[in-house]
Amino acid sequence: MSLSKYKQKRDFKQTAEPVAGKAEGKHIFVVQRHHATRLHYDFRLEINGALKSWAVPKGPSLNPADKRLAMEVEDHPYDYKDFEGQIPAGNYGAGYVYIWDKGTFEMLDPKGNALKEWKSGSIKVVLHGKKLKGEFALVKMKGGRDENAWLMIKHKDKYAVDREYNSEDYTPKRVIAKGKGEAEKGAVGSASKKAGASAPKKAASKKAAPKKKAAATGVKKKPKREKVK
Ligand code: MN
């Protein structure tokens with residue numbers, strides 16, 4: 001598995017994100033809440049020593065009725081499982097990364113091979129996390145517009161829920177607050193420290209304005225494709 005795409009995108013003099021890492025023992029998974037330009041959750045499964053990665057715009061769900069879009073992105077190095085913190089403004093994926101959940105996983109089929117299943121476009125795993133538990137499927141969408149599009153689906157088991165599931169409800173408030181501020185700073189690029197604490201608020205209100213306008217004029221905008229990093 002190649003990390004060349006991962007390395008190409010990043011300047012390791014500027015970002016504290018890891019360069020490499022070696023897998024040991026059990027398969028691990030991690031979910032990182034990434035408050036970049038657009039908030040998303042990165043779901044990563046260790047397969048053959050690297051982290052196969054998907055950006056899930058809405059975050060994972062324990063409700064089997066939800067089919068969460070998961071856009072496959074470049075493999076990440078094994079050590080990324082422990083990365084948490086700020087990716088500095090101006091860098092790829094600038095914004096705050098929070099480890100939302102992590103744990104081990106096994107293949108649902110005891111004879112299943114993770115790499116084979118990934119190649120076939122259907123991965124079935126049993127997660128042992130703090131938040132995500134039990135059976136999950138990742139299924140590649142066929143004939144879609146985007147060859148990187150997969151769906152992440154919870155199987156019905158004792159960990160499944162039938163109420164609405166919003167991963168933001170399971171994110172500490174301090175993380176939500178921090179993520180917002182940092183993402184806004186990242187969005188304006190070289191925002192200096194002089195801008196002070198009021199900067200994120202200003203940026204937020206500016207952002208909110210166009211939405212209201214669109215609603216008032218009744219213009220139906222085609223939903224933008226979710227852009228994820
Ligand atoms: Mn990301």
# chains A, B, ... in the order shown; residues from 1 in each chain; ligands from 1
$ residues_around --residues "segment 160-163 of chain A" --least-positions-apart "5" --cutoff "8 Å" --atoms "only C-alpha atoms" --output "PyMOL selection string"
chain A and resi 62-65+134+154-155
$ residues_near_ligand --ligand "ligand 1" --cutoff "12 Å" --atoms "only C-alpha atoms and all ligand atoms" --output "number ranges by chain"
A: 6, 17, 31-44, 53-57, 59, 70-76, 80, 83-84, 86-87, 92-99, 227-229
$ closest_residue --among "A:Gln14, A:Ser61, A:Asn113, A:Ser4" --to "Asn48 of chain A" --atoms "only C-alpha atoms"
A:Asn113
$ atom_distance --atom1 "atom CA of Val125 of chain A" --atom2 "atom CA of Lys58 of chain A"
20.0 Å
$ residues_around --residues "Lys124 of chain A" --least-positions-apart "3" --cutoff "7 Å" --atoms "only C-alpha atoms" --output "list in words"
Met107, Leu108, Phe136, Ala137 and Leu138 of chain A
$ select_by_dssp --residues "segment 1-189 of chain A" --states "strand (DSSP E or B)" --output "number ranges by chain"
A: 28-35, 39-47, 50-56, 67-77, 85-87, 95-107, 122-128, 133-140, 149-154
$ residues_around --residues "Val139 of chain A" --least-positions-apart "4" --cutoff "10 Å" --atoms "only C-alpha atoms" --output "list in words"
Lys67, Leu69, Ala70, Glu117, Trp118, Ser120, Gly121, Ser122, Ile123, Lys124, Ala149, Trp150, Leu151, Met152 and Ile153 of chain A
$ write_last_selection --atoms "C-alpha atoms" --output "compact mmCIF listing (two decimals), in the first residue's frame"
# COMPACT_ATOMS: atom_id res chain seq x y z
CA LYS A 67 -26.65 4.73 4.88
CA LEU A 69 -21.89 8.38 2.46
CA ALA A 70 -18.20 7.55 2.94
CA GLU A 117 -12.85 -7.45 0.80
CA TRP A 118 -11.62 -3.89 0.25
CA SER A 120 -14.10 -6.36 -3.88
CA GLY A 121 -15.84 -3.21 -2.65
CA SER A 122 -17.59 -4.79 0.33
CA ILE A 123 -16.02 -4.90 3.78
CA LYS A 124 -17.83 -6.41 6.74
CA ALA A 149 -18.14 6.73 -3.00
CA TRP A 150 -18.96 4.03 -0.45
CA LEU A 151 -21.75 3.63 2.06
CA MET A 152 -21.20 2.92 5.74
CA ILE A 153 -24.05 0.90 7.20
